[in-house]
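File shown: upload07.txt (compact mmCIF, C-alpha atoms).
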# COMPACT_ATOMS: atom_id res chain seq x y z
CA MET A 15 77.60 -8.04 139.27
CA ASP A 16 76.60 -9.62 135.96
CA LYS A 17 75.69 -6.80 133.58
CA LEU A 18 72.37 -8.31 132.44
CA GLN A 19 71.35 -8.90 136.06
CA GLY A 20 72.39 -5.36 136.92
CA ILE A 21 70.23 -3.88 134.15
CA ASP A 22 67.18 -5.91 135.16
CA ALA A 23 67.74 -5.15 138.84
CA ALA A 24 67.78 -1.41 138.09
CA ILE A 25 64.43 -1.63 136.31
CA ARG A 26 62.86 -3.67 139.10
CA ARG A 27 64.31 -1.34 141.73
CA TYR A 28 62.56 1.58 140.06
CA TYR A 29 59.18 -0.15 139.85
CA SER A 30 59.34 -1.48 143.42
CA LYS A 31 59.38 2.00 144.97
CA GLN A 32 55.61 2.32 145.02
CA VAL A 33 52.55 0.82 143.38
CA VAL A 34 49.63 2.78 141.96
CA SER A 35 48.35 0.06 139.62
CA GLU A 36 49.56 -3.52 140.06
CA LYS A 37 48.21 -4.44 136.60
CA LEU A 38 50.21 -1.67 134.95
CA ILE A 39 53.46 -2.80 136.58
CA GLU A 40 52.63 -6.42 135.72
CA ALA A 41 52.23 -5.42 132.05
CA ILE A 42 55.45 -3.37 132.09
CA LEU A 43 57.50 -6.18 133.61
CA TYR A 44 55.91 -8.76 131.30
CA SER A 45 57.56 -7.06 128.32
CA VAL A 46 60.75 -6.18 130.21
CA ASP A 47 61.12 -9.85 131.16
CA ALA A 48 60.37 -11.15 127.67
CA GLY A 49 64.06 -11.58 126.97
CA GLY A 50 66.03 -9.75 124.33
CA LYS A 51 69.75 -9.27 124.05
CA ARG A 52 69.88 -5.92 125.92
CA ILE A 53 72.27 -4.73 123.21
CA ARG A 54 71.77 -1.01 123.80
CA PRO A 55 72.41 -0.93 127.56
CA LEU A 56 75.26 -3.44 127.24
CA ILE A 57 76.96 -1.21 124.67
CA LEU A 58 76.81 1.66 127.16
CA LEU A 59 78.29 -0.41 129.99
CA GLU A 60 81.03 -1.97 127.84
CA ILE A 61 82.17 1.44 126.55
CA LEU A 62 82.22 2.86 130.09
CA GLU A 63 84.51 0.02 131.13
CA GLY A 64 86.58 0.62 128.00
CA PHE A 65 87.23 4.12 129.31
CA GLY A 66 88.39 2.61 132.59
CA LEU A 67 85.32 3.40 134.73
CA ALA A 68 84.21 1.00 137.47
CA LEU A 69 80.48 0.45 137.00
CA THR A 70 78.17 1.93 139.63
CA GLU A 71 74.46 1.80 140.39
CA ALA A 72 74.07 5.11 138.53
CA HIS A 73 75.57 3.59 135.37
CA PHE A 74 73.17 0.66 135.56
CA ASP A 75 70.26 3.09 136.02
CA VAL A 76 71.20 4.96 132.83
CA ALA A 77 71.55 1.64 131.00
CA ALA A 78 68.15 0.54 132.34
CA SER A 79 66.52 3.79 131.19
CA LEU A 80 67.61 3.05 127.64
CA GLU A 81 66.24 -0.50 127.76
CA MET A 82 62.95 0.81 129.14
CA ILE A 83 62.43 3.15 126.20
CA HIS A 84 63.38 0.42 123.73
CA THR A 85 60.90 -2.00 125.35
CA GLY A 86 58.15 0.62 125.29
CA SER A 87 58.75 1.15 121.59
CA LEU A 88 58.34 -2.59 120.95
CA ILE A 89 55.03 -2.68 122.84
CA HIS A 90 53.66 0.16 120.73
CA ASP A 91 55.21 -1.18 117.52
CA ASP A 92 53.29 -4.45 117.91
CA LEU A 93 49.88 -2.77 118.30
CA PRO A 94 47.21 -3.33 115.61
CA ALA A 95 47.47 0.33 114.52
CA MET A 96 51.22 -0.09 113.95
CA ASP A 97 52.87 -3.37 112.84
CA ASP A 98 50.04 -5.56 114.22
CA ASP A 99 52.00 -8.53 115.52
CA ASP A 100 50.86 -11.30 117.87
CA TYR A 101 54.31 -12.42 119.00
CA ARG A 102 57.45 -10.73 120.26
CA ARG A 103 60.57 -12.54 121.49
CA GLY A 104 58.77 -15.86 121.15
CA ARG A 105 55.68 -15.12 123.21
CA LEU A 106 52.44 -13.17 123.03
CA THR A 107 52.79 -9.43 122.51
CA ASN A 108 51.67 -7.16 125.34
CA HIS A 109 48.29 -6.28 123.85
CA LYS A 110 47.56 -9.97 123.22
CA LYS A 111 48.56 -10.96 126.76
CA PHE A 112 46.58 -8.11 128.35
CA ASP A 113 44.59 -5.72 126.12
CA GLU A 114 45.28 -2.78 123.85
CA ALA A 115 44.61 -0.06 126.43
CA THR A 116 46.94 -1.70 128.96
CA ALA A 117 49.65 -2.13 126.30
CA ILE A 118 49.40 1.55 125.32
CA LEU A 119 49.71 2.65 128.93
CA ALA A 120 52.60 0.25 129.63
CA GLY A 121 54.40 1.74 126.63
CA ASP A 122 53.63 5.27 127.85
CA SER A 123 55.13 4.45 131.24
CA LEU A 124 58.28 3.00 129.70
CA PHE A 125 58.71 6.16 127.61
CA LEU A 126 58.31 8.58 130.54
CA ASP A 127 59.77 6.81 133.57
CA PRO A 128 63.38 6.69 132.29
CA PHE A 129 63.81 10.44 132.68
CA ALA A 130 62.95 10.29 136.40
CA LEU A 131 65.28 7.31 136.75
CA ILE A 132 68.22 9.26 135.27
CA ALA A 133 67.34 12.39 137.26
CA GLY A 134 67.55 10.40 140.49
CA THR A 135 71.04 9.00 139.90
CA ALA A 136 74.17 10.07 141.76
CA LEU A 137 75.73 11.55 138.61
CA SER A 138 76.48 15.28 138.45
CA ASP A 139 73.63 17.59 137.49
CA LYS A 140 75.46 18.66 134.33
CA ILE A 141 75.83 15.06 133.15
CA LYS A 142 72.23 14.18 134.05
CA VAL A 143 70.78 17.15 132.14
CA GLU A 144 72.83 16.29 129.05
CA LEU A 145 71.84 12.60 129.20
CA ILE A 146 68.16 13.49 129.57
CA ARG A 147 68.37 15.99 126.70
CA ARG A 148 70.06 13.54 124.35
CA LEU A 149 67.83 10.61 125.30
CA SER A 150 64.76 12.74 124.61
CA ILE A 151 66.09 13.79 121.19
CA SER A 152 67.07 10.21 120.32
CA SER A 153 63.68 8.83 121.34
CA GLY A 154 61.15 11.47 120.32
CA THR A 155 60.04 13.58 117.39
CA PHE A 156 63.54 14.05 116.00
CA GLY A 157 64.62 10.44 116.57
CA MET A 158 62.86 7.10 116.99
CA VAL A 159 59.26 8.34 116.93
CA GLY A 160 59.91 10.49 113.88
CA GLY A 161 61.44 7.45 112.18
CA GLN A 162 58.41 5.33 113.04
CA MET A 163 56.21 7.92 111.34
CA LEU A 164 58.39 7.84 108.23
CA ASP A 165 58.22 4.03 108.33
CA MET A 166 54.42 4.00 108.37
CA GLN A 167 54.23 6.62 105.64
CA GLY A 168 56.53 4.48 103.50
CA GLU A 169 54.29 1.39 103.53
CA GLY A 170 53.16 0.43 100.06
CA GLN A 171 55.67 2.82 98.47
CA ARG A 172 58.93 2.22 96.63
CA LEU A 173 61.40 4.28 98.63
CA ASN A 174 64.78 5.17 97.19
CA LEU A 175 67.98 4.48 99.12
CA GLU A 176 68.16 7.98 100.59
CA GLN A 177 64.58 7.79 101.87
CA LEU A 178 65.10 4.29 103.28
CA SER A 179 68.26 5.37 105.04
CA ALA A 180 66.39 8.31 106.60
CA VAL A 181 63.72 5.95 107.96
CA HIS A 182 66.24 3.61 109.52
CA ALA A 183 68.61 6.34 110.77
CA HIS A 184 65.78 7.70 112.91
CA LYS A 185 63.62 4.65 113.71
CA THR A 186 66.51 2.42 114.78
CA GLY A 187 69.75 4.34 114.50
CA CYS A 188 69.15 7.19 116.94
CA LEU A 189 68.41 4.98 119.95
CA LEU A 190 71.34 2.73 119.08
CA ALA A 191 73.67 5.71 118.79
CA PHE A 192 72.62 7.03 122.21
CA PRO A 193 74.62 4.56 124.37
CA PHE A 194 77.80 5.48 122.47
CA GLU A 195 77.20 9.19 123.11
CA ALA A 196 76.03 8.64 126.69
CA ALA A 197 79.13 6.67 127.60
CA GLY A 198 81.32 9.51 126.34
CA ILE A 199 79.32 12.06 128.33
CA ILE A 200 79.50 10.02 131.55
CA ALA A 201 83.23 9.41 131.01
CA GLN A 202 83.65 13.19 130.42
CA GLN A 203 85.41 12.79 127.10
CA SER A 204 86.38 15.61 124.75
CA THR A 205 84.15 16.96 121.98
CA GLU A 206 86.36 15.21 119.42
CA VAL A 207 85.97 11.83 121.11
CA LEU A 208 82.22 12.37 121.47
CA GLN A 209 81.99 13.00 117.73
CA GLN A 210 83.83 9.75 117.01
CA LEU A 211 81.56 7.85 119.39
CA THR A 212 78.48 9.34 117.73
CA LEU A 213 79.76 8.27 114.32
CA ALA A 214 80.44 4.75 115.61
CA GLY A 215 76.92 4.66 117.05
CA ASN A 216 75.38 5.77 113.76
CA LEU A 217 77.32 3.09 111.89
CA VAL A 218 76.22 0.36 114.28
CA GLY A 219 72.63 1.63 114.16
CA HIS A 220 72.72 1.50 110.37
CA ALA A 221 74.21 -1.99 110.42
CA PHE A 222 71.61 -3.16 112.91
CA GLN A 223 68.70 -2.18 110.67
CA VAL A 224 70.29 -3.71 107.57
CA ARG A 225 70.78 -6.85 109.66
CA ASP A 226 67.14 -6.78 110.74
CA ASP A 227 66.01 -6.42 107.11
CA ILE A 228 68.14 -9.42 106.10
CA LEU A 229 66.81 -11.56 108.94
CA ASP A 230 63.21 -10.64 108.08
CA VAL A 231 63.58 -12.49 104.77
CA THR A 232 66.05 -15.24 105.76
CA ALA A 233 65.19 -16.31 109.33
CA SER A 234 62.38 -18.47 110.73
CA PHE A 235 59.90 -17.65 113.51
CA ASP A 236 61.97 -19.68 115.98
CA GLU A 237 65.10 -17.70 115.09
CA LEU A 238 63.39 -14.30 115.17
CA GLY A 239 60.92 -14.82 118.02
CA LYS A 240 58.39 -12.92 115.92
CA THR A 241 56.57 -13.29 112.61
CA PRO A 242 59.00 -13.35 109.66
CA MET A 243 58.35 -11.63 106.33
CA LYS A 244 56.41 -8.85 108.08
CA ASP A 245 58.07 -6.08 106.06
CA LEU A 246 57.44 -7.94 102.83
CA LEU A 247 53.74 -8.43 103.63
CA ALA A 248 53.39 -4.79 104.68
CA GLU A 249 54.98 -3.76 101.36
CA LYS A 250 57.76 -1.89 103.13
CA SER A 251 60.97 -0.96 101.39
CA THR A 252 63.98 -2.83 102.77
CA TYR A 253 67.67 -3.07 101.95
CA PRO A 254 67.35 -6.60 100.46
CA GLY A 255 64.29 -5.50 98.48
CA LEU A 256 66.07 -2.44 97.14
CA LEU A 257 69.63 -3.70 96.70
CA GLY A 258 69.46 -7.50 96.94
CA LEU A 259 70.80 -9.76 99.67
CA GLU A 260 74.43 -9.83 98.51
CA LYS A 261 74.75 -6.04 98.57
CA SER A 262 72.91 -5.88 101.92
CA TYR A 263 75.44 -8.25 103.50
CA GLU A 264 78.22 -6.06 102.08
CA ILE A 265 76.71 -2.89 103.58
CA LEU A 266 76.30 -4.64 106.94
CA ASP A 267 79.94 -5.72 107.04
CA ASN A 268 81.29 -2.37 105.84
CA SER A 269 79.37 -0.47 108.52
CA LEU A 270 80.62 -2.80 111.25
CA ASN A 271 84.20 -2.58 109.95
CA GLN A 272 84.11 1.23 110.09
CA ALA A 273 82.72 1.20 113.65
CA GLN A 274 85.43 -1.19 114.82
CA ALA A 275 88.08 1.00 113.20
CA ILE A 276 86.91 3.98 115.25
CA PHE A 277 87.49 2.08 118.48
CA ALA A 278 90.90 0.98 117.28
CA THR A 279 91.70 4.67 116.76
CA LEU A 280 90.40 5.57 120.24
CA GLU A 281 92.73 2.94 121.68
CA GLN A 282 95.65 4.98 120.36
CA GLN A 283 94.21 8.42 121.16
CA VAL A 284 92.82 8.04 124.68
CA SER A 285 94.01 4.60 125.84
CA PHE A 286 90.52 3.17 125.33
CA LYS A 287 90.29 -0.60 125.78
CA PRO A 288 88.30 -1.73 122.71
CA LYS A 289 88.27 -5.53 123.07
CA LYS A 290 84.81 -6.06 124.58
CA ILE A 291 82.92 -3.49 122.48
CA GLN A 292 84.61 -4.76 119.32
CA GLU A 293 83.53 -8.30 120.23
CA MET A 294 79.94 -7.05 120.63
CA ILE A 295 80.08 -5.37 117.24
CA GLU A 296 81.56 -8.51 115.67
CA ARG A 297 78.60 -10.59 116.90
CA LEU A 298 76.26 -8.49 114.75
CA ARG A 299 77.66 -10.05 111.57
CA LEU A 300 75.64 -12.61 109.61
CA ASP A 301 76.81 -15.48 107.43
CA ALA A 302 75.82 -14.75 103.83
Here is the file; what I need is its structure written in the form of structure tokens.
Amino acid sequence: MDKLQGIDAAIRRYYSKQVVSEKLIEAILYSVDAGGKRIRPLILLEILEGFGLALTEAHFDVAASLEMIHTGSLIHDDLPAMDDDDYRRGRLTNHKKFDEATAILAGDSLFLDPFALIAGTALSDKIKVELIRRLSISSGTFGMVGGQMLDMQGEGQRLNLEQLSAVHAHKTGCLLAFPFEAAGIIAQQSTEVLQQLTLAGNLVGHAFQVRDDILDVTASFDELGKTPMKDLLAEKSTYPGLLGLEKSYEILDNSLNQAQAIFATLEQQVSFKPKKIQEMIERLRLDA
């Protein structure tokens, strides 16, 4: 099965079980179907295959749970009380297509449903509990949501590099690091390997936010699928604003290089097959 189709099928399978509110499911699937690269769940699936696992329905369910939380965060991020954007992935944001209350509830569903999805998989109880624990930490108060709060508090302020890194490490980095950790847990790797995967995930998460900051000031609406210059208009601190574009490109490349080196090391240590995940990481580079 094509990985993208498998991820989408897992989400639709979950929401086809029963219907309480057709409008709520319509709003959820509107944002799920809005496109996007599915980078987070694809990372998970590629690393699982790198460890030699044949992908199962349970693996696609875990991947889908991650995409669901990410999509919910985008719905809430676009709300007037947050980043206040009218477009996401080239079309109207959820609250513009429906209304604010529906968008809030669709986001709520996408934050809560993934835990039931993981709990219902055919994975062992020990693995499921650890995945649920780590996904909660990565998404909630000590991860993405905490980072979003730091991000809002930082508007109109001149953050230093340490403060900016803290914002991005939590707002973007934690949820991007999760698929690296999750793959190691599912593949039942050693503590040492899990630590290396977590480091690789943190590096890619860092690179991803630097990349996003660069694109915010260099890309057009058609390229981004959303309004450019949003961070600049909101007076948010960014890597290009703090360090300049040239240094930002350098940080992006260095982070990606270090992540790729970790997978090269894992190839020697545990016979990991790094080709596909390294190709994914390579595609995150930008031409200066």
Item to check | Computed interatomic separation between atom CA of A:Leu56 and atom CA of A:Ala117 (Å) | outcome: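 Distance between the two atoms: 25.7 Å.
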Item to check | Atomic distance atom CA of A:Ala214 - atom CA of A:Met158, expressed in Å with one decimal | outcome: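 Interatomic distance here is 17.8 Å.
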Checklist entry - Do you know which residues are at most 8 Å from A:Ser153 counting all atoms listed in the file, after dropping those on the same chain fewer than 5 positions away, and could you put them as number ranges by chain? => result A: 83, 158-159, 188-189
Item to check | Residues near A:Glu144, cut-off 10 Å, only C-alpha atoms, skip fewer than 5 positions along chain, as a list in words | outcome: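 The contact residues come out as Asp139, Leu149, Ser150, Ala196, Ile199 and Ile200 of chain A.
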Checklist entry - Pick from A:Ile265, A:Ala201, A:Val34, A:Ile141: nearest to A:Leu69, with only C-alpha atoms counted? => result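 Comparing A:Ile265, A:Ala201, A:Val34, A:Ile141 against A:Leu69, the winner is A:Ala201.
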Checklist entry - In Å, with one decimal, what is the gap from atom CA of A:His109 to atom CA of A:Met96? => result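 Computing it gives 12.0 Å between the two atoms.
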Next on the checklist: Which residues are close to A:Leu178, i.e. within 12 Å by all atoms listed in the file, leaving aside same-chain residues fewer than 6 positions away? Reply as a ChimeraX atom specification.
Outcome noted: /A:161-162,164-169,171-172,184-186,220,223-224,227,250-257
For the residues in the current selection, export C-alpha atoms as a CSV table (one decimal), in the coordinates of the input.
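Result file again_9.csv:
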chain,number,residue,atom,x,y,z
A,161,GLY,CA,61.4,7.4,112.2
A,162,GLN,CA,58.4,5.3,113.0
A,164,LEU,CA,58.4,7.8,108.2
A,165,ASP,CA,58.2,4.0,108.3
A,166,MET,CA,54.4,4.0,108.4
A,167,GLN,CA,54.2,6.6,105.6
A,168,GLY,CA,56.5,4.5,103.5
A,169,GLU,CA,54.3,1.4,103.5
A,171,GLN,CA,55.7,2.8,98.5
A,172,ARG,CA,58.9,2.2,96.6
A,184,HIS,CA,65.8,7.7,112.9
A,185,LYS,CA,63.6,4.6,113.7
A,186,THR,CA,66.5,2.4,114.8
A,220,HIS,CA,72.7,1.5,110.4
A,223,GLN,CA,68.7,-2.2,110.7
A,224,VAL,CA,70.3,-3.7,107.6
A,227,ASP,CA,66.0,-6.4,107.1
A,250,LYS,CA,57.8,-1.9,103.1
A,251,SER,CA,61.0,-1.0,101.4
A,252,THR,CA,64.0,-2.8,102.8
A,253,TYR,CA,67.7,-3.1,102.0
A,254,PRO,CA,67.4,-6.6,100.5
A,255,GLY,CA,64.3,-5.5,98.5
A,256,LEU,CA,66.1,-2.4,97.1
A,257,LEU,CA,69.6,-3.7,96.7
Stretch 221-225 of chain A, all listed atoms, 4 Å padding on each side: what axis-aligned box centre and edge lengths in Å to one decimal come out, as lines of an AutoDock Vina configuration file?
center_x = 71.5
center_y = -4.4
center_z = 110.2
size_x = 13.5
size_y = 12.9
size_z = 13.3
Write out as JSON lines a residue-level contact list of stretch 37-142 of chain A versus stretch 282-287 of chain A with cut-off 10 Å: for each qualifying residue the closest pair of atoms and the distance in Å to one decimal, counting all atoms listed in the file, rows sorted by chain and residue number upward.
{"residue": "A:Glu60", "atom": "CA", "partner": "A:Lys287", "partner_atom": "CA", "distance": 9.6}
{"residue": "A:Ile61", "atom": "CA", "partner": "A:Lys287", "partner_atom": "CA", "distance": 8.4}
{"residue": "A:Leu62", "atom": "CA", "partner": "A:Phe286", "partner_atom": "CA", "distance": 9.6}
{"residue": "A:Glu63", "atom": "CA", "partner": "A:Lys287", "partner_atom": "CA", "distance": 7.9}
{"residue": "A:Gly64", "atom": "CA", "partner": "A:Lys287", "partner_atom": "CA", "distance": 4.5}
{"residue": "A:Phe65", "atom": "CA", "partner": "A:Phe286", "partner_atom": "CA", "distance": 5.3}
{"residue": "A:Gly66", "atom": "CA", "partner": "A:Phe286", "partner_atom": "CA", "distance": 7.6}
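Ranking A:Arg299, A:His73, A:Lys290, A:Arg148 by their shortest atom-to-atom distance to A:Phe192, with all atoms listed in the file included, puts A:Arg148 first.
A search radius of 7 Å centred on (72.3, 6.3, 137.5), applied to only C-alpha atoms, returns the residues Glu71, Ala72, His73, Phe74, Asp75, Val76, Ile132, Gly134, Thr135, Ala136 and Leu137 of chain A.
Among the candidate residues A:Lys17, A:Lys31, A:Arg297, A:Arg54, the one lying nearest to A:Gly219 is A:Arg54, with distances computed using only C-alpha atoms.
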Item to check | From A:Glu114, A:Asp100, A:Asp16, A:Glu81, residue lying nearest A:Asp127 [all atoms listed in the file] | outcome: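 Using all atoms listed in the file, the shortest distance to A:Asp127 belongs to A:Glu81.
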Item to check | For A:Gly121, the nearest of the candidates A:Leu18, A:Ala180, A:Ile53, A:Leu88, counting all atoms listed in the file | outcome: A:Leu88
Next on the checklist: I want to know what sits within 10 Å of A:Ile295, based on all atoms listed in the file, with residues of the same chain fewer than 5 positions away left out; could you give that as a PyMOL selection string?
Outcome noted: chain A and resi 53+57+218+221-222+270-271+273-274+290
Selected residues written out, C-alpha atoms, as an mmCIF file, keeping the file's coordinate frame:
data_model
loop_
_atom_site.group_PDB
_atom_site.id
_atom_site.type_symbol
_atom_site.label_atom_id
_atom_site.label_comp_id
_atom_site.auth_asym_id
_atom_site.auth_seq_id
_atom_site.Cartn_x
_atom_site.Cartn_y
_atom_site.Cartn_z
ATOM 1 C CA ILE A 53 72.270 -4.730 123.210
ATOM 2 C CA ILE A 57 76.960 -1.210 124.670
ATOM 3 C CA VAL A 218 76.220 0.360 114.280
ATOM 4 C CA ALA A 221 74.210 -1.990 110.420
ATOM 5 C CA PHE A 222 71.610 -3.160 112.910
ATOM 6 C CA LEU A 270 80.620 -2.800 111.250
ATOM 7 C CA ASN A 271 84.200 -2.580 109.950
ATOM 8 C CA ALA A 273 82.720 1.200 113.650
ATOM 9 C CA GLN A 274 85.430 -1.190 114.820
ATOM 10 C CA LYS A 290 84.810 -6.060 124.580
#
Next on the checklist: Under the rule that only C-alpha atoms are counted, which of A:Leu300, A:Ile146, A:Leu175, A:Leu217 is the nearest residue to A:Leu80?
Outcome noted: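 Ranking A:Leu300, A:Ile146, A:Leu175, A:Leu217 by distance to A:Leu80, first place goes to A:Ile146.
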Next on the checklist: So that I can see what lies close to A:Tyr44, please list as a PyMOL selection string the residues with an atom at most 8 Å from it, counting only C-alpha atoms and leaving out residues fewer than 4 positions away in the same chain.
Outcome noted: chain A and resi 40+48+108
